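Pasted below: my_file09.txt, compact mmCIF, C-alpha atoms and all ligand atoms.
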# COMPACT_ATOMS: atom_id res chain seq x y z
CA MET A 1 0.00 0.00 0.00
CA GLY A 2 1.34 3.39 -0.97
CA LYS A 3 2.03 6.18 1.44
CA LYS A 4 -0.75 8.30 -0.03
CA ASN A 5 -3.37 6.06 1.55
CA VAL A 6 -2.34 6.79 5.12
CA ALA A 7 -5.41 7.99 7.05
CA LEU A 8 -3.89 8.26 10.50
CA LYS A 9 -0.37 8.41 11.86
CA VAL A 10 0.25 8.31 15.60
CA GLU A 11 3.89 8.99 16.44
CA ASN A 12 5.55 8.50 19.83
CA VAL A 13 2.51 9.71 21.73
CA SER A 14 2.88 9.97 25.50
CA MET A 15 0.32 11.38 27.91
CA ARG A 16 1.15 12.43 31.44
CA PHE A 17 -1.41 13.21 34.13
CA ASN A 18 -0.56 14.87 37.41
CA LEU A 19 -2.11 13.17 40.38
CA SER A 20 -2.04 15.09 43.62
CA ALA A 21 0.08 13.05 46.01
CA GLU A 22 -0.50 15.32 48.95
CA LYS A 23 -3.61 15.28 51.07
CA VAL A 24 -4.97 18.81 51.17
CA ASP A 25 -7.73 19.45 53.70
CA ASP A 26 -9.05 22.82 52.56
CA LEU A 27 -8.18 25.93 50.60
CA LYS A 28 -6.19 27.48 53.47
CA ASP A 29 -4.16 24.31 53.78
CA TYR A 30 -3.63 24.34 50.02
CA VAL A 31 -2.37 27.96 50.02
CA ILE A 32 0.01 27.30 52.92
CA LYS A 33 1.37 24.15 51.31
CA PHE A 34 1.64 25.95 47.99
CA ILE A 35 3.63 28.84 49.49
CA LYS A 36 5.85 26.45 51.44
CA ARG A 37 6.27 24.52 48.19
CA GLU A 38 5.10 21.41 49.92
CA LEU A 39 2.65 20.49 47.19
CA ARG A 40 3.91 17.57 45.23
CA PHE A 41 2.31 15.98 42.28
CA GLN A 42 2.81 12.44 41.36
CA GLU A 43 3.37 11.98 37.67
CA PHE A 44 1.36 9.32 35.97
CA TRP A 45 1.95 8.27 32.39
CA ALA A 46 -1.31 6.97 30.90
CA LEU A 47 0.37 6.53 27.49
CA ARG A 48 4.02 5.84 26.74
CA ASN A 49 5.52 6.15 23.29
CA VAL A 50 2.52 4.90 21.34
CA SER A 51 3.07 4.71 17.58
CA PHE A 52 1.04 3.15 14.79
CA GLU A 53 -0.29 3.94 11.37
CA LEU A 54 -3.61 3.18 9.68
CA GLN A 55 -4.33 3.05 5.98
CA LYS A 56 -7.65 4.36 4.68
CA GLY A 57 -10.40 1.80 5.31
CA GLU A 58 -8.52 -0.15 7.98
CA ARG A 59 -10.38 -0.92 11.19
CA LEU A 60 -8.33 -1.02 14.35
CA GLY A 61 -9.51 -2.59 17.59
CA ILE A 62 -7.80 -1.31 20.74
CA LEU A 63 -7.57 -4.02 23.39
CA GLY A 64 -6.41 -3.85 26.99
CA PHE A 65 -7.56 -4.26 30.57
CA ASN A 66 -9.18 -1.49 32.66
CA GLY A 67 -6.91 1.51 32.91
CA ALA A 68 -4.62 0.41 30.07
CA GLY A 69 -5.03 3.77 28.34
CA LYS A 70 -7.58 2.95 25.61
CA SER A 71 -9.95 5.89 26.18
CA THR A 72 -7.03 8.26 26.71
CA LEU A 73 -5.59 7.20 23.35
CA LEU A 74 -8.92 7.78 21.60
CA LYS A 75 -9.25 11.21 23.22
CA VAL A 76 -5.76 12.18 22.08
CA ILE A 77 -6.55 11.05 18.52
CA ALA A 78 -9.90 12.88 18.58
CA GLY A 79 -8.11 16.04 19.68
CA VAL A 80 -9.93 16.24 23.03
CA LEU A 81 -6.63 15.83 24.89
CA LYS A 82 -3.30 17.29 23.79
CA PRO A 83 -0.53 14.72 24.12
CA THR A 84 2.37 15.58 26.42
CA GLU A 85 4.74 14.27 23.76
CA GLY A 86 4.44 13.07 20.19
CA SER A 87 2.06 13.85 17.38
CA VAL A 88 -1.13 12.69 15.66
CA LYS A 89 -1.62 13.30 11.95
CA LYS A 90 -5.01 12.60 10.41
CA LYS A 91 -6.56 13.01 7.00
CA GLY A 92 -10.21 13.99 6.53
CA LYS A 93 -13.18 14.52 8.79
CA ILE A 94 -13.03 12.73 12.10
CA VAL A 95 -16.12 11.95 14.18
CA PRO A 96 -15.62 10.83 17.75
CA LEU A 97 -18.41 8.87 19.38
CA LEU A 98 -16.93 9.04 22.84
CA GLU A 99 -19.32 9.75 25.67
CA LEU A 100 -22.62 9.98 23.88
CA GLY A 101 -24.74 12.94 24.81
CA ALA A 102 -22.09 14.73 26.86
CA GLY A 103 -23.26 17.90 25.11
CA PHE A 104 -26.92 17.44 26.08
CA ASP A 105 -28.95 19.81 28.25
CA LYS A 106 -31.63 18.05 30.30
CA GLN A 107 -33.96 21.06 30.48
CA TYR A 108 -34.41 21.17 26.72
CA THR A 109 -36.43 18.89 24.48
CA GLY A 110 -34.93 16.26 22.21
CA ALA A 111 -35.59 18.52 19.22
CA GLU A 112 -33.71 21.43 20.83
CA ASN A 113 -30.90 19.14 21.85
CA ILE A 114 -30.42 18.03 18.25
CA TYR A 115 -29.34 21.60 17.47
CA LEU A 116 -27.35 21.95 20.69
CA TYR A 117 -25.45 18.68 20.41
CA GLY A 118 -25.06 19.15 16.66
CA ALA A 119 -23.33 22.47 17.37
CA VAL A 120 -21.05 20.75 19.91
CA LEU A 121 -20.05 18.30 17.18
CA GLY A 122 -19.34 21.23 14.86
CA TYR A 123 -22.29 20.91 12.47
CA SER A 124 -23.85 24.07 11.00
CA LYS A 125 -27.49 24.99 11.68
CA GLU A 126 -28.35 24.50 8.00
CA PHE A 127 -26.79 21.05 8.00
CA ILE A 128 -28.78 20.00 11.07
CA ARG A 129 -31.99 21.42 9.64
CA GLU A 130 -31.44 19.38 6.49
CA LYS A 131 -30.76 16.21 8.49
CA TYR A 132 -33.33 16.76 11.23
CA ASP A 133 -35.97 14.30 9.98
CA GLU A 134 -33.38 11.61 9.39
CA ILE A 135 -32.06 12.01 12.94
CA VAL A 136 -35.52 11.83 14.51
CA GLU A 137 -36.44 8.80 12.45
CA PHE A 138 -33.28 6.92 13.33
CA SER A 139 -33.67 7.69 17.03
CA GLU A 140 -37.19 6.16 17.01
CA LEU A 141 -38.25 8.66 19.66
CA GLY A 142 -41.52 9.61 17.95
CA ASP A 143 -43.49 12.20 19.95
CA PHE A 144 -40.90 12.06 22.73
CA ILE A 145 -38.74 14.32 20.57
CA ASN A 146 -40.76 17.27 21.97
CA VAL A 147 -40.37 16.22 25.60
CA PRO A 148 -37.53 17.56 27.83
CA LEU A 149 -34.59 15.21 28.10
CA LYS A 150 -34.95 14.90 31.87
CA ASN A 151 -37.90 12.61 31.15
CA TYR A 152 -35.88 10.27 28.90
CA SER A 153 -34.52 6.90 29.91
CA SER A 154 -30.75 6.43 29.48
CA GLY A 155 -31.35 4.25 26.42
CA MET A 156 -33.46 6.98 24.82
CA LYS A 157 -30.70 9.55 25.36
CA ALA A 158 -28.12 7.19 23.93
CA ARG A 159 -30.29 6.57 20.86
CA LEU A 160 -30.64 10.28 20.21
CA GLY A 161 -26.88 10.81 20.69
CA PHE A 162 -26.04 8.02 18.29
CA ALA A 163 -28.52 9.31 15.69
CA ILE A 164 -27.04 12.83 15.80
CA ALA A 165 -23.42 11.77 15.80
CA THR A 166 -23.68 9.33 12.90
CA VAL A 167 -25.64 11.52 10.53
CA VAL A 168 -22.39 12.81 8.99
CA GLU A 169 -20.16 10.82 6.67
CA PRO A 170 -16.82 10.84 8.45
CA ASP A 171 -13.48 9.68 7.02
CA ILE A 172 -12.32 8.48 10.43
CA LEU A 173 -14.77 7.09 12.97
CA ILE A 174 -13.90 6.72 16.65
CA LEU A 175 -16.08 4.33 18.61
CA ASP A 176 -15.67 4.01 22.37
CA GLU A 177 -18.05 1.41 23.78
CA VAL A 178 -20.93 3.13 22.00
CA LEU A 179 -22.21 -0.03 20.41
CA SER A 180 -23.31 -1.24 23.81
CA VAL A 181 -26.02 1.41 24.15
CA GLY A 182 -29.74 0.92 23.72
CA ASP A 183 -31.66 -2.32 23.67
CA ALA A 184 -30.85 -5.33 21.50
CA LYS A 185 -32.92 -4.07 18.58
CA PHE A 186 -31.28 -0.65 18.57
CA ARG A 187 -27.82 -2.21 18.94
CA LYS A 188 -28.43 -4.27 15.84
CA LYS A 189 -29.56 -1.21 13.92
CA SER A 190 -26.52 0.82 15.11
CA GLU A 191 -24.18 -1.94 14.06
CA LYS A 192 -25.78 -2.01 10.63
CA LYS A 193 -25.35 1.75 10.26
CA ILE A 194 -21.70 1.43 11.17
CA ARG A 195 -21.24 -1.46 8.74
CA ASP A 196 -22.68 0.71 5.95
CA MET A 197 -19.97 3.24 6.77
CA PHE A 198 -17.38 0.46 6.56
CA ASP A 199 -18.60 -0.34 3.06
CA ARG A 200 -17.95 3.24 2.08
CA GLY A 201 -14.33 2.89 3.23
CA VAL A 202 -14.33 4.70 6.56
CA THR A 203 -11.25 4.22 8.78
CA VAL A 204 -12.22 3.02 12.26
CA LEU A 205 -10.78 3.05 15.77
CA PHE A 206 -12.78 0.86 18.08
CA VAL A 207 -12.71 0.21 21.82
CA SER A 208 -14.97 -2.42 23.31
CA HIS A 209 -14.80 -4.84 26.19
CA SER A 210 -16.53 -7.36 23.96
CA LEU A 211 -13.72 -9.27 22.28
CA GLU A 212 -16.27 -10.99 20.09
CA GLN A 213 -17.45 -7.61 18.79
CA VAL A 214 -13.88 -6.45 18.13
CA LYS A 215 -13.21 -9.63 16.13
CA ARG A 216 -16.42 -9.13 14.17
CA LEU A 217 -15.82 -5.49 13.27
CA CYS A 218 -12.05 -5.00 13.05
CA ASP A 219 -9.27 -6.32 10.86
CA LYS A 220 -6.29 -5.06 12.88
CA ALA A 221 -5.67 -4.65 16.59
CA ILE A 222 -3.24 -3.30 19.14
CA LEU A 223 -2.90 -4.47 22.72
CA LEU A 224 -2.25 -1.76 25.30
CA ASP A 225 -0.79 -2.52 28.71
CA HIS A 226 -0.05 0.22 31.24
CA GLY A 227 -0.01 2.76 28.42
CA LYS A 228 2.41 0.86 26.18
CA VAL A 229 1.75 -1.01 22.95
CA LEU A 230 2.42 -4.63 23.81
CA ALA A 231 1.43 -6.10 20.45
CA GLU A 232 0.23 -4.98 17.05
CA GLY A 233 -1.04 -7.08 14.15
CA SER A 234 -4.05 -8.85 12.73
CA VAL A 235 -7.11 -8.95 14.97
CA GLU A 236 -6.80 -12.78 15.22
CA GLU A 237 -3.19 -12.70 16.43
CA VAL A 238 -3.61 -9.88 18.91
CA SER A 239 -6.88 -11.12 20.39
CA LYS A 240 -5.30 -14.55 20.91
CA LEU A 241 -2.54 -12.90 22.94
CA TYR A 242 -5.11 -10.88 24.88
CA GLU A 243 -7.10 -14.03 25.67
CA GLN A 244 -3.94 -15.75 26.93
CA ARG A 245 -3.29 -12.86 29.29
CA MET A 246 -6.83 -13.10 30.66
CA LYS A 247 -6.19 -16.52 32.12
N1 LIG A 301 -7.95 13.19 33.49
C1 LIG A 301 -7.22 12.27 34.11
N2 LIG A 301 -6.44 12.59 35.18
C2 LIG A 301 -5.70 11.67 35.79
N3 LIG A 301 -5.63 10.38 35.44
C3 LIG A 301 -6.37 9.99 34.38
C4 LIG A 301 -7.21 10.90 33.67
N4 LIG A 301 -7.82 10.22 32.66
C5 LIG A 301 -7.39 8.95 32.75
N5 LIG A 301 -6.52 8.80 33.78
C6 LIG A 301 -5.82 7.57 34.16
O1 LIG A 301 -5.18 7.04 33.03
C7 LIG A 301 -5.25 5.61 33.00
C8 LIG A 301 -5.85 5.15 31.69
O2 LIG A 301 -7.23 5.49 31.67
P1 LIG A 301 -8.17 5.12 30.43
O3 LIG A 301 -9.52 5.62 30.75
O4 LIG A 301 -7.52 5.59 29.19
O5 LIG A 301 -8.14 3.54 30.46
P2 LIG A 301 -9.00 2.49 29.63
O6 LIG A 301 -8.04 1.52 29.05
O7 LIG A 301 -9.90 3.20 28.71
O8 LIG A 301 -9.81 1.79 30.81
P3 LIG A 301 -11.28 1.13 30.87
O9 LIG A 301 -11.17 -0.20 30.22
O10 LIG A 301 -11.50 1.02 32.34
O11 LIG A 301 -12.21 2.08 30.19
C9 LIG A 301 -6.06 5.22 34.24
O12 LIG A 301 -5.17 4.81 35.23
C10 LIG A 301 -6.77 6.48 34.63
O13 LIG A 301 -6.93 6.54 36.02
Would it be possible to restate this file's structure as structure tokens?
Amino acid sequence: MGKKNVALKVENVSMRFNLSAEKVDDLKDYVIKFIKRELRFQEFWALRNVSFELQKGERLGILGFNGAGKSTLLKVIAGVLKPTEGSVKKKGKIVPLLELGAGFDKQYTGAENIYLYGAVLGYSKEFIREKYDEIVEFSELGDFINVPLKNYSSGMKARLGFAIATVVEPDILILDEVLSVGDAKFRKKSEKKIRDMFDRGVTVLFVSHSLEQVKRLCDKAILLDHGKVLAEGSVEEVSKLYEQRMK
């Protein structure tokens, strides 16, 4: 495959978080400790030197136990977090389906939230207006679309979030556990929508705790362990290694 087909290049990405190591009781205590320079932060590296490359249309599963750094890596690639070191180069429009509905306001109706959340995702008002009916239909909310979100069940909110976020045609799609939302029927429908995007050659980054789902949807995988890439290769090879480590 030629270089011109590279959709995503992650180079030596490291991400450091500062965890407060000192117990601070209140603001006064904080100020005193700060002045006396007694405040220490413990450094924590959630990602260490992560590098990989994806060609257009490749679908990468990111495997690893709790706290391995999977969500952090997706956030760095989506541009939500700036890496402490390293760089991410991407080609085309990227749509992150991270925490669905994080941009929702409970006081407003579903219809109003379509515009609100759409704006959070960077869509124009005209674009949302054009896609409005399609979003409502996919969400299957019916008359509930005119009810404030505080009266929605969590599955209903997730359905609306998924419908809004997937109405665009992205070049790179980031999926973090989102295929586990909604009931079985909606999950099936979501998976079909995502498969249709696959057919159109979208590049995918996928995190799921369901190994079976990763095997079904991805062709490549990496295994993260304490922020480092432990293995990289075909989804069969890497998931075999992951399964061995589970025992
Ligand atoms: N904002 C933050 N500040 C400090 N530490 C953080 C922050 N975000 C994540 N971490 C830490 O970074 C590590 C990796 O977290 P991350 O959420 O990326 O793991 P994960 O592989 O997605 O885990 P899970 O499978 O549980 O979702 C964890 O130890 C977590 O506590």
Would you give the centre and edge lengths, in Å to one decimal, of a box along x, y and z around the listed atoms of ligand LIG 301 (chain A), with 6 Å added to each side, as JSON?
{"center_x": -8.7, "center_y": 6.5, "center_z": 32.4, "size_x": 19.0, "size_y": 25.4, "size_z": 19.3}
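Going from CA of Leu223 in chain A to CA of Glu191 in chain A covers 23.1 Å.
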Mind listing the residues within 7 Å of ligand LIG 301 (chain A), only C-alpha atoms and all ligand atoms counted, as a ChimeraX atom specification?
/A:17-19,46,64-73
What's the 10 Å shell around Ser239 in chain A, counting all atoms listed in the file, without same-chain residues fewer than 6 positions away, as number ranges by chain?
A: 61-64, 211-212, 214-215, 220-223, 231-233, 245
Would you work out the distance separating CA of Leu8 in chain A from CA of Lys75 in chain A, expressed in Å to one decimal?
14.1 Å
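Counting all atoms listed in the file and comparing A:Arg16, A:Lys106, A:Lys157, A:Lys185, the residue that lies closest to Pro83 in chain A is A:Arg16.
Atom pair CA of Asp219 in chain A / CA of Glu85 in chain A has a distance of 28.0 Å (rounded to one decimal).
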May I have a table of the residues of range 68-144 of chain A lying at most 8 Å from range 160-170 of chain A, giving each one's closest pair of atoms and their distance in Å to one decimal, counting all atoms listed in the file, ordered by chain and ascending residue number, as a Markdown table?
| residue | atom | partner | partner_atom | distance |
| --- | --- | --- | --- | --- |
| A:Gly92 | CA | A:Pro170 | CA | 7.6 |
| A:Lys93 | CA | A:Pro170 | CA | 5.2 |
| A:Ile94 | CA | A:Pro170 | CA | 5.6 |
| A:Val95 | CA | A:Pro170 | CA | 5.9 |
| A:Leu97 | CA | A:Ala165 | CA | 6.8 |
| A:Leu100 | CA | A:Gly161 | CA | 5.4 |
| A:Gly101 | CA | A:Gly161 | CA | 5.1 |
| A:Gly110 | CA | A:Leu160 | CA | 7.6 |
| A:Ile114 | CA | A:Ile164 | CA | 6.7 |
| A:Tyr117 | CA | A:Ile164 | CA | 7.6 |
| A:Gly118 | CA | A:Ile164 | CA | 6.7 |
| A:Leu121 | CA | A:Ala165 | CA | 7.5 |
| A:Lys131 | CA | A:Val167 | CA | 7.2 |
| A:Glu134 | CA | A:Val167 | CA | 7.8 |
| A:Ile135 | CA | A:Ala163 | CA | 5.2 |
| A:Val136 | CA | A:Ala163 | CA | 7.5 |
| A:Phe138 | CA | A:Ala163 | CA | 5.8 |
| A:Ser139 | CA | A:Leu160 | CA | 5.1 |
| A:Leu141 | CA | A:Leu160 | CA | 7.8 |
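With only C-alpha atoms as the atoms that count, the residue of A:Lys193, A:Lys150, A:Arg187, A:Lys228 with the shortest distance to Gln107 in chain A is A:Lys150.
Closest approach to Leu230 in chain A among A:Gln42, A:Asn49, A:Asn5, A:Thr84 is made by A:Asn49 (distances from all atoms listed in the file).
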Proximity of range 30-54 of chain A to range 198-208 of chain A: per-residue shortest pair, 12 Å limit, only C-alpha atoms, as JSON lines:
{"residue": "A:Phe52", "atom": "CA", "partner": "A:Leu205", "partner_atom": "CA", "distance": 11.9}
{"residue": "A:Glu53", "atom": "CA", "partner": "A:Thr203", "partner_atom": "CA", "distance": 11.3}
{"residue": "A:Leu54", "atom": "CA", "partner": "A:Thr203", "partner_atom": "CA", "distance": 7.8}
Between A:Ala7, A:Ala78, A:Val31, A:Met246, which one has atoms that come closest to Ile174 in chain A, using only C-alpha atoms?
A:Ala78
Please provide as a PDB file with C-alpha atoms, keeping the file's coordinate frame all residues within 7 Å of Ser51 in chain A, with the sequence filter that same-chain residues fewer than 5 positions apart are discarded (counting all atoms listed in the file).
ATOM      1  CA  VAL A  10       0.250   8.310  15.600  1.00  0.00           C
ATOM      2  CA  GLU A  11       3.890   8.990  16.440  1.00  0.00           C
ATOM      3  CA  ASN A  12       5.550   8.500  19.830  1.00  0.00           C
ATOM      4  CA  VAL A  13       2.510   9.710  21.730  1.00  0.00           C
TER       5      VAL A  13
END
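Distance annotation: of A:Ile32, A:Met15, A:Leu60, A:Arg129, the residue with the minimal separation from Gly86 in chain A is A:Met15; atom set is all atoms listed in the file.
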